[in-house]
Each structure stands twice: as C-alpha cells, then as structure tokens.
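First up is the structure itself, then whatever we jot down about it.
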Amino acid sequence: MRRFQIAAITVAFLIFPVQAWAAGLPEGVSVDVVATYASDLPGVEKVELKKVTLAPGAKLENFPLESVDFCNSTQGIIRVTDETTGSTTIYAAGSRWQPKMGHTASISNPGTETHIHWVYAFTLKK
C-alpha cells in the first residue's frame with residue numbers, strides 16, 4: 001500500500017509542476033521542480049527532480065552546488081564550468097554528468113537551440 005501512495009504522490013507532482021527559483025533567475029533560464037519527496041535512502045533527506053531550461057545564449061553564473069546531483073541532457077548543448085577547479089565541459093543531448101557537491105558552477109547555452117537537462121538532486125541529512 002505504501003508503495004502505491006508514494007507512486008501516486010510522485011505522479012501528482014509530475015502532473016502539476018511547481019515553478020522554483022522564478023525570482024532572481026537570468027532571462028532565458030528556468031528551473032522547474034517537477035517532483036520532491038522524502039527519501040528512504042540512508043543519509044538522504046529528500047530527492048528532487050528538476051527540469052533546467054536555457055535559451056540560446058542564456059547563462060547562470062557562480063551558483064553553489066548544495067546537493068548530490070545527477071544530470072541528464074535531453075536537448076541542445078550546455079557548457080558547464082566548475083568554478084572551483086576551473087574545468088569546463090560541453091555536454092550534448094544524451095550526455096550524463098555529476099557535478100561536485102560543495103563546488104561553485106556556471107552553466108551557459110552556447111548553441112542555437114534551447115537546452116534542456118534533468119537533475120536528480122539528493123539533499124543529504126545534516
């Protein structure tokens with residue numbers, strides 16, 4: 001029964017996305033929290049699924065990476081700079097990556113089409 005309840009809650013969040021970070025994001029950047037739920041994983045407080053969209057030329061600079069994230073690009077290209085290490089990587093649709101928690105990052109869309117990637121963000125228990 002509990003598994004059904006969790007699935008129903010998750011589906012409800014997928015059907016009714018919640019806009020997050022709406023204030024303060026640069027033009028052409030959106031982050032939609034599609035689902036948030038408590039976690040049964042050891043050491044993990046909650047899990048969020050986020051859809052990140054960047055219009056061509058859009059960028060989000062110097063933001064802290066405060067959770068364990070797993071990213072999956074599904075459209076366009078994205079330039080990801082780890083400001084802490086200085087490394088820059090360009091990811092295309094189909095790419096997956098894991099940013100380093102505790103670092104600072106910048107992202108931009110150097111392409112000509114809208115970029116979309118999905119983030120599973122795991123917030124650790126304190």
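To be explicit about the labels: the chains of the structure tokens are called A, B, and onward in the order shown, and within each one the residues are counted from 1, while ligands get numbers from 1 in the order they are shown.
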
Checklist entry - Could you pull the residues within 10 Å of Leu49 in chain A, counting only C-alpha atoms, minus those fewer than 4 positions along the same chain, as a PyMOL selection string? => result chain A and resi 13-14+32-37+69-71+118-122

Next on the checklist: Please identify the strand (DSSP E or B) residues within range 3-124 of chain A (assignment by DSSP from backbone atoms) and present them as a VMD selection string.
Outcome noted: chain A and resid 18 to 20 29 to 38 44 to 54 59 to 64 68 to 75 77 to 82 87 to 92 96 to 97 104 to 108 115 to 124

Using C-alpha atoms, can you export the residues from the last selection as a PDB file, in the first residue's frame?
```pdb
ATOM      1  CA  VAL A  18       5.951  23.698  -9.382  1.00  0.00           C
ATOM      2  CA  GLN A  19       7.977  26.702 -10.575  1.00  0.00           C
ATOM      3  CA  ALA A  20      11.089  27.133  -8.429  1.00  0.00           C
ATOM      4  CA  VAL A  29      16.884  30.363 -17.690  1.00  0.00           C
ATOM      5  CA  SER A  30      14.169  28.363 -15.944  1.00  0.00           C
ATOM      6  CA  VAL A  31      14.326  25.696 -13.261  1.00  0.00           C
ATOM      7  CA  ASP A  32      11.126  23.744 -12.654  1.00  0.00           C
ATOM      8  CA  VAL A  33      10.906  21.422  -9.662  1.00  0.00           C
ATOM      9  CA  VAL A  34       8.830  18.598 -11.072  1.00  0.00           C
ATOM     10  CA  ALA A  35       8.835  16.326  -8.013  1.00  0.00           C
ATOM     11  CA  THR A  36      10.017  16.493  -4.409  1.00  0.00           C
ATOM     12  CA  TYR A  37       9.734  13.639  -1.983  1.00  0.00           C
ATOM     13  CA  ALA A  38      11.202  12.356   1.263  1.00  0.00           C
ATOM     14  CA  VAL A  44      19.442  11.265   2.174  1.00  0.00           C
ATOM     15  CA  GLU A  45      16.764  13.659   3.438  1.00  0.00           C
ATOM     16  CA  LYS A  46      14.906  14.315   0.172  1.00  0.00           C
ATOM     17  CA  VAL A  47      15.096  13.846  -3.579  1.00  0.00           C
ATOM     18  CA  GLU A  48      14.043  16.440  -6.153  1.00  0.00           C
ATOM     19  CA  LEU A  49      13.607  16.090  -9.895  1.00  0.00           C
ATOM     20  CA  LYS A  50      14.296  19.400 -11.676  1.00  0.00           C
ATOM     21  CA  LYS A  51      13.950  20.423 -15.304  1.00  0.00           C
ATOM     22  CA  VAL A  52      16.536  23.043 -16.278  1.00  0.00           C
ATOM     23  CA  THR A  53      15.974  25.000 -19.499  1.00  0.00           C
ATOM     24  CA  LEU A  54      18.374  27.505 -21.085  1.00  0.00           C
ATOM     25  CA  LYS A  59      23.668  31.627 -18.653  1.00  0.00           C
ATOM     26  CA  LEU A  60      23.552  31.153 -14.904  1.00  0.00           C
ATOM     27  CA  GLU A  61      26.785  32.028 -13.166  1.00  0.00           C
ATOM     28  CA  ASN A  62      28.507  31.184  -9.882  1.00  0.00           C
ATOM     29  CA  PHE A  63      25.855  29.150  -8.077  1.00  0.00           C
ATOM     30  CA  PRO A  64      26.703  26.779  -5.216  1.00  0.00           C
ATOM     31  CA  VAL A  68      24.432  15.436  -4.766  1.00  0.00           C
ATOM     32  CA  ASP A  69      23.221  15.902  -8.357  1.00  0.00           C
ATOM     33  CA  PHE A  70      22.942  13.571 -11.319  1.00  0.00           C
ATOM     34  CA  CYS A  71      22.305  15.395 -14.615  1.00  0.00           C
ATOM     35  CA  ASN A  72      20.959  14.121 -17.956  1.00  0.00           C
ATOM     36  CA  SER A  73      20.924  16.349 -21.047  1.00  0.00           C
ATOM     37  CA  THR A  74      17.971  15.714 -23.357  1.00  0.00           C
ATOM     38  CA  GLN A  75      18.108  18.615 -25.829  1.00  0.00           C
ATOM     39  CA  ILE A  77      24.121  21.643 -25.701  1.00  0.00           C
ATOM     40  CA  ILE A  78      25.328  23.110 -22.420  1.00  0.00           C
ATOM     41  CA  ARG A  79      28.662  24.455 -21.235  1.00  0.00           C
ATOM     42  CA  VAL A  80      29.315  23.557 -17.585  1.00  0.00           C
ATOM     43  CA  THR A  81      32.157  25.269 -15.737  1.00  0.00           C
ATOM     44  CA  ASP A  82      33.269  24.093 -12.317  1.00  0.00           C
ATOM     45  CA  SER A  87      37.387  22.945 -15.673  1.00  0.00           C
ATOM     46  CA  THR A  88      34.847  23.450 -18.480  1.00  0.00           C
ATOM     47  CA  THR A  89      32.968  20.722 -20.342  1.00  0.00           C
ATOM     48  CA  ILE A  90      30.375  20.920 -23.119  1.00  0.00           C
ATOM     49  CA  TYR A  91      27.619  18.306 -22.975  1.00  0.00           C
ATOM     50  CA  ALA A  92      25.240  17.388 -25.812  1.00  0.00           C
ATOM     51  CA  ARG A  96      25.136  12.463 -18.304  1.00  0.00           C
ATOM     52  CA  TRP A  97      27.305  14.041 -15.639  1.00  0.00           C
ATOM     53  CA  THR A 104      30.555  26.535  -7.393  1.00  0.00           C
ATOM     54  CA  ALA A 105      29.402  26.204 -11.010  1.00  0.00           C
ATOM     55  CA  SER A 106      28.340  28.244 -14.019  1.00  0.00           C
ATOM     56  CA  ILE A 107      26.253  26.998 -16.950  1.00  0.00           C
ATOM     57  CA  SER A 108      25.531  28.502 -20.360  1.00  0.00           C
ATOM     58  CA  HIS A 115      18.929  23.310 -23.992  1.00  0.00           C
ATOM     59  CA  ILE A 116      17.094  21.038 -21.537  1.00  0.00           C
ATOM     60  CA  HIS A 117      18.572  18.834 -18.861  1.00  0.00           C
ATOM     61  CA  TRP A 118      17.081  16.982 -15.935  1.00  0.00           C
ATOM     62  CA  VAL A 119      18.615  16.921 -12.469  1.00  0.00           C
ATOM     63  CA  TYR A 120      18.053  14.377  -9.742  1.00  0.00           C
ATOM     64  CA  ALA A 121      19.120  16.295  -6.628  1.00  0.00           C
ATOM     65  CA  PHE A 122      19.747  14.328  -3.441  1.00  0.00           C
ATOM     66  CA  THR A 123      19.763  16.536  -0.301  1.00  0.00           C
ATOM     67  CA  LEU A 124      21.840  14.888   2.384  1.00  0.00           C
TER      68      LEU A 124
END
```

Item to check | Coordinates-based distance that separates CA of Ala55 in chain A from CA of Gly24 in chain A (Å, one decimal) | outcome: 16.1 Å
